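Trainee: Once you've had a glance at the structure underneath, I'll fire off some questions.
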Amino acid sequence: MKADALLNAYIDLNLLVLAGALLWMLARLGLRRTSLATAYGPQLKLLNGMTVLLAFSPVLVVVLNLSGMGNPPTLSDMLVSQYLQGNVNMSASRFEAMIGLREDLVRDLSAGHAIWSRTVTILLITGAAMSAVLLGHAIMRLRRALSSCYFWKRIGRVDLLLSDTTAVAYSTRGLWRLYVVLPTSLLDDPRDLRLTLAHELQHFRQKDVETAFLLECLRPLLFWNPAYYLWRRDMRAMREFACDQALGARSQFDLRAYCECLIRASERARRIPVFLSPRSPSVALLERREIHNAPILARRIIAVTEKAPEGRQASLWAAIAATIGGAVVMTAFLIQRPGDWSHDRIMLATIVNLERMAHRNTAQPTVSVLNSGFVTSLR
């Protein structure tokens with residue numbers, strides 16, 4: 001694949017994550033004013049679906065284009081059409097330069113002749129390589145932590161492991177098996193052990209480990225994008241809220257005991273500050289920021305006690321997901337490079353050439369006078 005094609009796919013992915021984060025913020029703002037604000041389970045499913053869609057949208061667009069659907073109009077084509085209709089008050093040369101900024105950027109980065117382009121390329125490659133190395137180190141650290149654990153029980157595909165070094169229970173997975181790592185101190189408290197195990201098994205039902213790993217795999221491509229970190233922060237918070245709420249919805253579930261379990265786990269974690277890397281593909285009972293930040297832990301306890309809206313709302317959430325998914329796919333098509341020269345683009349190029357010719361003709365008398373004066377002075 002050519003360098004410019006790779007750069008365009010890279011830019012598309014970053015723009016899509018930015019657009020997805022904006023769509024999610026708008027959706028969350030709209031839901032905040034309704035009873036759906038406390039429906040954390042459907043919101044998590046929406047975030048998970050959007051994460052997968054954003055990650056594979058560039059590939060999806062290429063497949064749809066190759067399938068014979070044709071080249072739908074891009075944002076650049078729409079802007080050219082609006083300009084030709086007289087809805088944009090700007091000179092043709094400036095307008096052409098504006099809509100060609102991305103092409104100029106890709107061309108300069110691909111060529112690498114300018115110092116700034118080489119600097120940007122080196123920074124991007126260095127940042128991606130460092131992120132990939134840190135992810136690999138986190139995975140190796142997780143493997144060492146698992147190998148140092150003691151096998152306790154097996155529940156279907158899930159292996160329950162005990163660890164003397166971890167202070168907070170966490171769940172992760174390999175290619176075929178699932179793992180829940182529990183602190184050995186929990187064996188002295190059967191009630192906390194039962195509540196912690198229920199929490200970690202719920203993470204497997206929600207596919208939280210898989211989405212966490214997908215997000216971390218995207219980090220080398222998105223490490224400089226602020227929208228990525230906003231997305232990851234909301235994803236982490238929402239998966240814990242959804243997990244806690246799903247447990248609280250069970251019959252005969254003791255919410256008070258569960259909240260006390262979270263507080264005791266936070267106290268244990270403060271006494272034994274041993275943590276896995278935040279980049280590791282695992283999901284813990286408590287995140288590091290919840291352990292050291294009481295207001296965040298308080299928000300989680302408040303979320304546990306909030307009831308999900310009653311009634312069947314599957315059709316409503318399906319409509320919300322379809323709307324946001326359609327907006328993401330539409331954005332993916334809009335930000336694509338324009339196709340071959342269309343009639344509108346030929347018209348714009350003609351206007352630009354006429355504008356340049358008119359500018360040259362206006363400047364010609366001045367040049368002639370200067371030349372004449374210069375020749376006279378020589379005589």
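As shown in the structure tokens, the chain order sets the letters A, B, ...; within each chain, residues go from 1, and ligands are also counted from 1 in the order they appear.
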Let's see if you can do this: from backbone DSSP, list all strand (DSSP E or B) residues in range 84-317 of chain A, as a list of chain:residue names.
Mentor: A:Tyr150, A:Phe151, A:Trp152, A:Lys153, A:Arg154, A:Ile155, A:Val158, A:Asp159, A:Leu160, A:Leu161, A:Leu162, A:Ser163, A:Tyr170, A:Ser171, A:Thr172, A:Arg173, A:Leu178, A:Tyr179, A:Val180, A:Val181, A:Leu182, A:Pro183, A:Ser282, A:Val283, A:Ala284
Trainee: Find the residues near range 97-106 of chain A: any atom within 7 Å, counting only C-alpha atoms, skip ones fewer than 3 places away on the same chain, and give them as a PDB file with C-alpha atoms, in the first residue's frame.
Mentor:
ATOM      1  CA  ASP A   4      -0.349   8.415   1.010  1.00  0.00           C
ATOM      2  CA  LEU A   7      -1.607   8.382   5.867  1.00  0.00           C
ATOM      3  CA  SER A  76     -15.088  18.379  -0.104  1.00  0.00           C
ATOM      4  CA  SER A  93      -7.859  30.609  -5.101  1.00  0.00           C
ATOM      5  CA  ARG A  94      -8.313  30.815  -1.327  1.00  0.00           C
ATOM      6  CA  LEU A 109       4.323  14.151   4.821  1.00  0.00           C
ATOM      7  CA  SER A 110       4.690  11.454   2.152  1.00  0.00           C
TER       8      SER A 110
END
Trainee: Give me the residues near range 126-136 of chain A as a list in words, where near means some atom within 7 Å (using only C-alpha atoms) and where sequence neighbours in that chain fewer than 5 positions away do not count.
Mentor: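 Those residues are Arg219, Pro220, Leu221, Arg279 and Ser280 of chain A.
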Trainee: Quick one: everything within 7 Å of Leu44 in chain A, counting only C-alpha atoms, minus sequence neighbours fewer than 5 positions away in the same chain. Send it as a PyMOL selection string.
Mentor: chain A and resi 238-239+242
Trainee: Among range 311-360 of chain A, which ones does DSSP assign to alpha helix (DSSP H) (computed from the backbone)? Answer as a tab-separated table (two decimals) with N, CA and C atoms, in the first residue's frame.
Mentor:
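Saved result, selection-v7.tsv, follows:
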chain	number	residue	atom	x	y	z
A	314	ALA	N	-36.04	-1.45	24.67
A	314	ALA	CA	-35.11	-1.99	23.67
A	314	ALA	C	-35.24	-1.25	22.34
A	315	SER	N	-36.49	-0.97	21.94
A	315	SER	CA	-36.69	-0.29	20.66
A	315	SER	C	-36.13	1.13	20.67
A	316	LEU	N	-36.26	1.81	21.83
A	316	LEU	CA	-35.72	3.16	21.94
A	316	LEU	C	-34.20	3.16	21.85
A	317	TRP	N	-33.57	2.24	22.56
A	317	TRP	CA	-32.11	2.17	22.49
A	317	TRP	C	-31.63	1.71	21.12
A	318	ALA	N	-32.39	0.86	20.47
A	318	ALA	CA	-32.04	0.45	19.11
A	318	ALA	C	-32.08	1.64	18.16
A	319	ALA	N	-33.08	2.51	18.34
A	319	ALA	CA	-33.17	3.71	17.50
A	319	ALA	C	-32.00	4.65	17.76
A	320	ILE	N	-31.64	4.81	19.05
A	320	ILE	CA	-30.50	5.67	19.38
A	320	ILE	C	-29.22	5.12	18.78
A	321	ALA	N	-29.02	3.80	18.93
A	321	ALA	CA	-27.80	3.17	18.39
A	321	ALA	C	-27.76	3.27	16.87
A	322	ALA	N	-28.91	3.08	16.20
A	322	ALA	CA	-28.95	3.18	14.74
A	322	ALA	C	-28.64	4.60	14.29
A	323	THR	N	-29.15	5.60	15.02
A	323	THR	CA	-28.90	6.99	14.65
A	323	THR	C	-27.42	7.34	14.78
A	324	ILE	N	-26.83	6.96	15.90
A	324	ILE	CA	-25.41	7.27	16.11
A	324	ILE	C	-24.53	6.46	15.16
A	325	GLY	N	-24.87	5.17	14.96
A	325	GLY	CA	-24.10	4.36	14.03
A	325	GLY	C	-24.17	4.90	12.61
A	326	GLY	N	-25.38	5.32	12.20
A	326	GLY	CA	-25.51	5.91	10.87
A	326	GLY	C	-24.71	7.19	10.73
A	327	ALA	N	-24.67	8.01	11.81
A	327	ALA	CA	-23.89	9.24	11.77
A	327	ALA	C	-22.40	8.94	11.65
A	328	VAL	N	-21.94	7.87	12.34
A	328	VAL	CA	-20.52	7.50	12.25
A	328	VAL	C	-20.17	7.04	10.84
A	329	VAL	N	-21.01	6.19	10.25
A	329	VAL	CA	-20.74	5.70	8.89
A	329	VAL	C	-20.80	6.84	7.89
A	330	MET	N	-21.77	7.75	8.05
A	330	MET	CA	-21.86	8.89	7.15
A	330	MET	C	-20.61	9.77	7.26
A	331	THR	N	-20.15	9.98	8.50
A	331	THR	CA	-18.93	10.76	8.69
A	331	THR	C	-17.73	10.08	8.03
A	332	ALA	N	-17.69	8.74	8.13
A	332	ALA	CA	-16.59	8.00	7.51
A	332	ALA	C	-16.55	8.22	6.00
A	333	PHE	N	-17.70	8.29	5.37
A	333	PHE	CA	-17.74	8.56	3.93
A	333	PHE	C	-17.43	10.01	3.62
A	334	LEU	N	-17.92	10.93	4.44
A	334	LEU	CA	-17.74	12.35	4.16
A	334	LEU	C	-16.29	12.78	4.21
A	343	HIS	N	-17.41	17.30	-12.64
A	343	HIS	CA	-17.77	18.52	-13.38
A	343	HIS	C	-17.60	19.75	-12.50
A	344	ASP	N	-17.99	19.64	-11.23
A	344	ASP	CA	-17.87	20.79	-10.32
A	344	ASP	C	-16.41	21.16	-10.09
A	345	ARG	N	-15.55	20.18	-9.97
A	345	ARG	CA	-14.14	20.48	-9.72
A	345	ARG	C	-13.48	21.08	-10.96
A	346	ILE	N	-13.91	20.64	-12.14
A	346	ILE	CA	-13.38	21.24	-13.37
A	346	ILE	C	-13.82	22.70	-13.45
A	347	MET	N	-15.06	22.96	-13.07
A	347	MET	CA	-15.55	24.34	-13.06
A	347	MET	C	-14.76	25.20	-12.08
A	348	LEU	N	-14.48	24.65	-10.88
A	348	LEU	CA	-13.71	25.40	-9.90
A	348	LEU	C	-12.30	25.68	-10.41
A	349	ALA	N	-11.66	24.68	-11.04
A	349	ALA	CA	-10.31	24.88	-11.58
A	349	ALA	C	-10.32	25.95	-12.68
A	350	THR	N	-11.38	25.97	-13.48
A	350	THR	CA	-11.50	26.99	-14.52
A	350	THR	C	-11.60	28.38	-13.92
A	351	ILE	N	-12.41	28.51	-12.87
A	351	ILE	CA	-12.57	29.81	-12.20
A	351	ILE	C	-11.25	30.26	-11.59
A	352	VAL	N	-10.52	29.32	-11.00
A	352	VAL	CA	-9.22	29.67	-10.40
A	352	VAL	C	-8.26	30.16	-11.48
A	353	ASN	N	-8.22	29.48	-12.62
A	353	ASN	CA	-7.32	29.90	-13.71
A	353	ASN	C	-7.71	31.27	-14.25
A	354	LEU	N	-9.01	31.51	-14.40
A	354	LEU	CA	-9.45	32.82	-14.86
A	354	LEU	C	-9.09	33.91	-13.86
A	355	GLU	N	-9.23	33.59	-12.60
A	355	GLU	CA	-8.89	34.57	-11.56
A	355	GLU	C	-7.41	34.90	-11.59
A	356	ARG	N	-6.58	33.90	-11.81
A	356	ARG	CA	-5.13	34.14	-11.87
A	356	ARG	C	-4.76	34.93	-13.12
A	357	MET	N	-5.42	34.62	-14.24
A	357	MET	CA	-5.15	35.39	-15.46
A	357	MET	C	-5.55	36.84	-15.30
A	358	ALA	N	-6.70	37.08	-14.65
A	358	ALA	CA	-7.13	38.46	-14.43
A	358	ALA	C	-6.15	39.20	-13.52
A	359	HIS	N	-5.62	38.51	-12.54
A	359	HIS	CA	-4.64	39.13	-11.64
A	359	HIS	C	-3.35	39.46	-12.37
A	360	ARG	N	-2.93	38.56	-13.30
A	360	ARG	CA	-1.72	38.83	-14.08
A	360	ARG	C	-1.92	40.01	-15.02
Trainee: Select, from A:Gly112, A:Pro190, A:Pro226, A:Gly248, the residue with the minimum atom-to-atom distance to Ile302 in chain A, counting only C-alpha atoms.
Mentor: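 Closest to Ile302 in chain A, using only C-alpha atoms: A:Gly248.
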Trainee: Write out as a VMD selection string the residues lying within 10 Å of His199 in chain A, counting only C-alpha atoms and excluding same-chain residues fewer than 5 positions away.
Mentor: chain A and resid 169 to 171 193 to 194 204 240 243 to 244 246 to 247 258 284 to 285
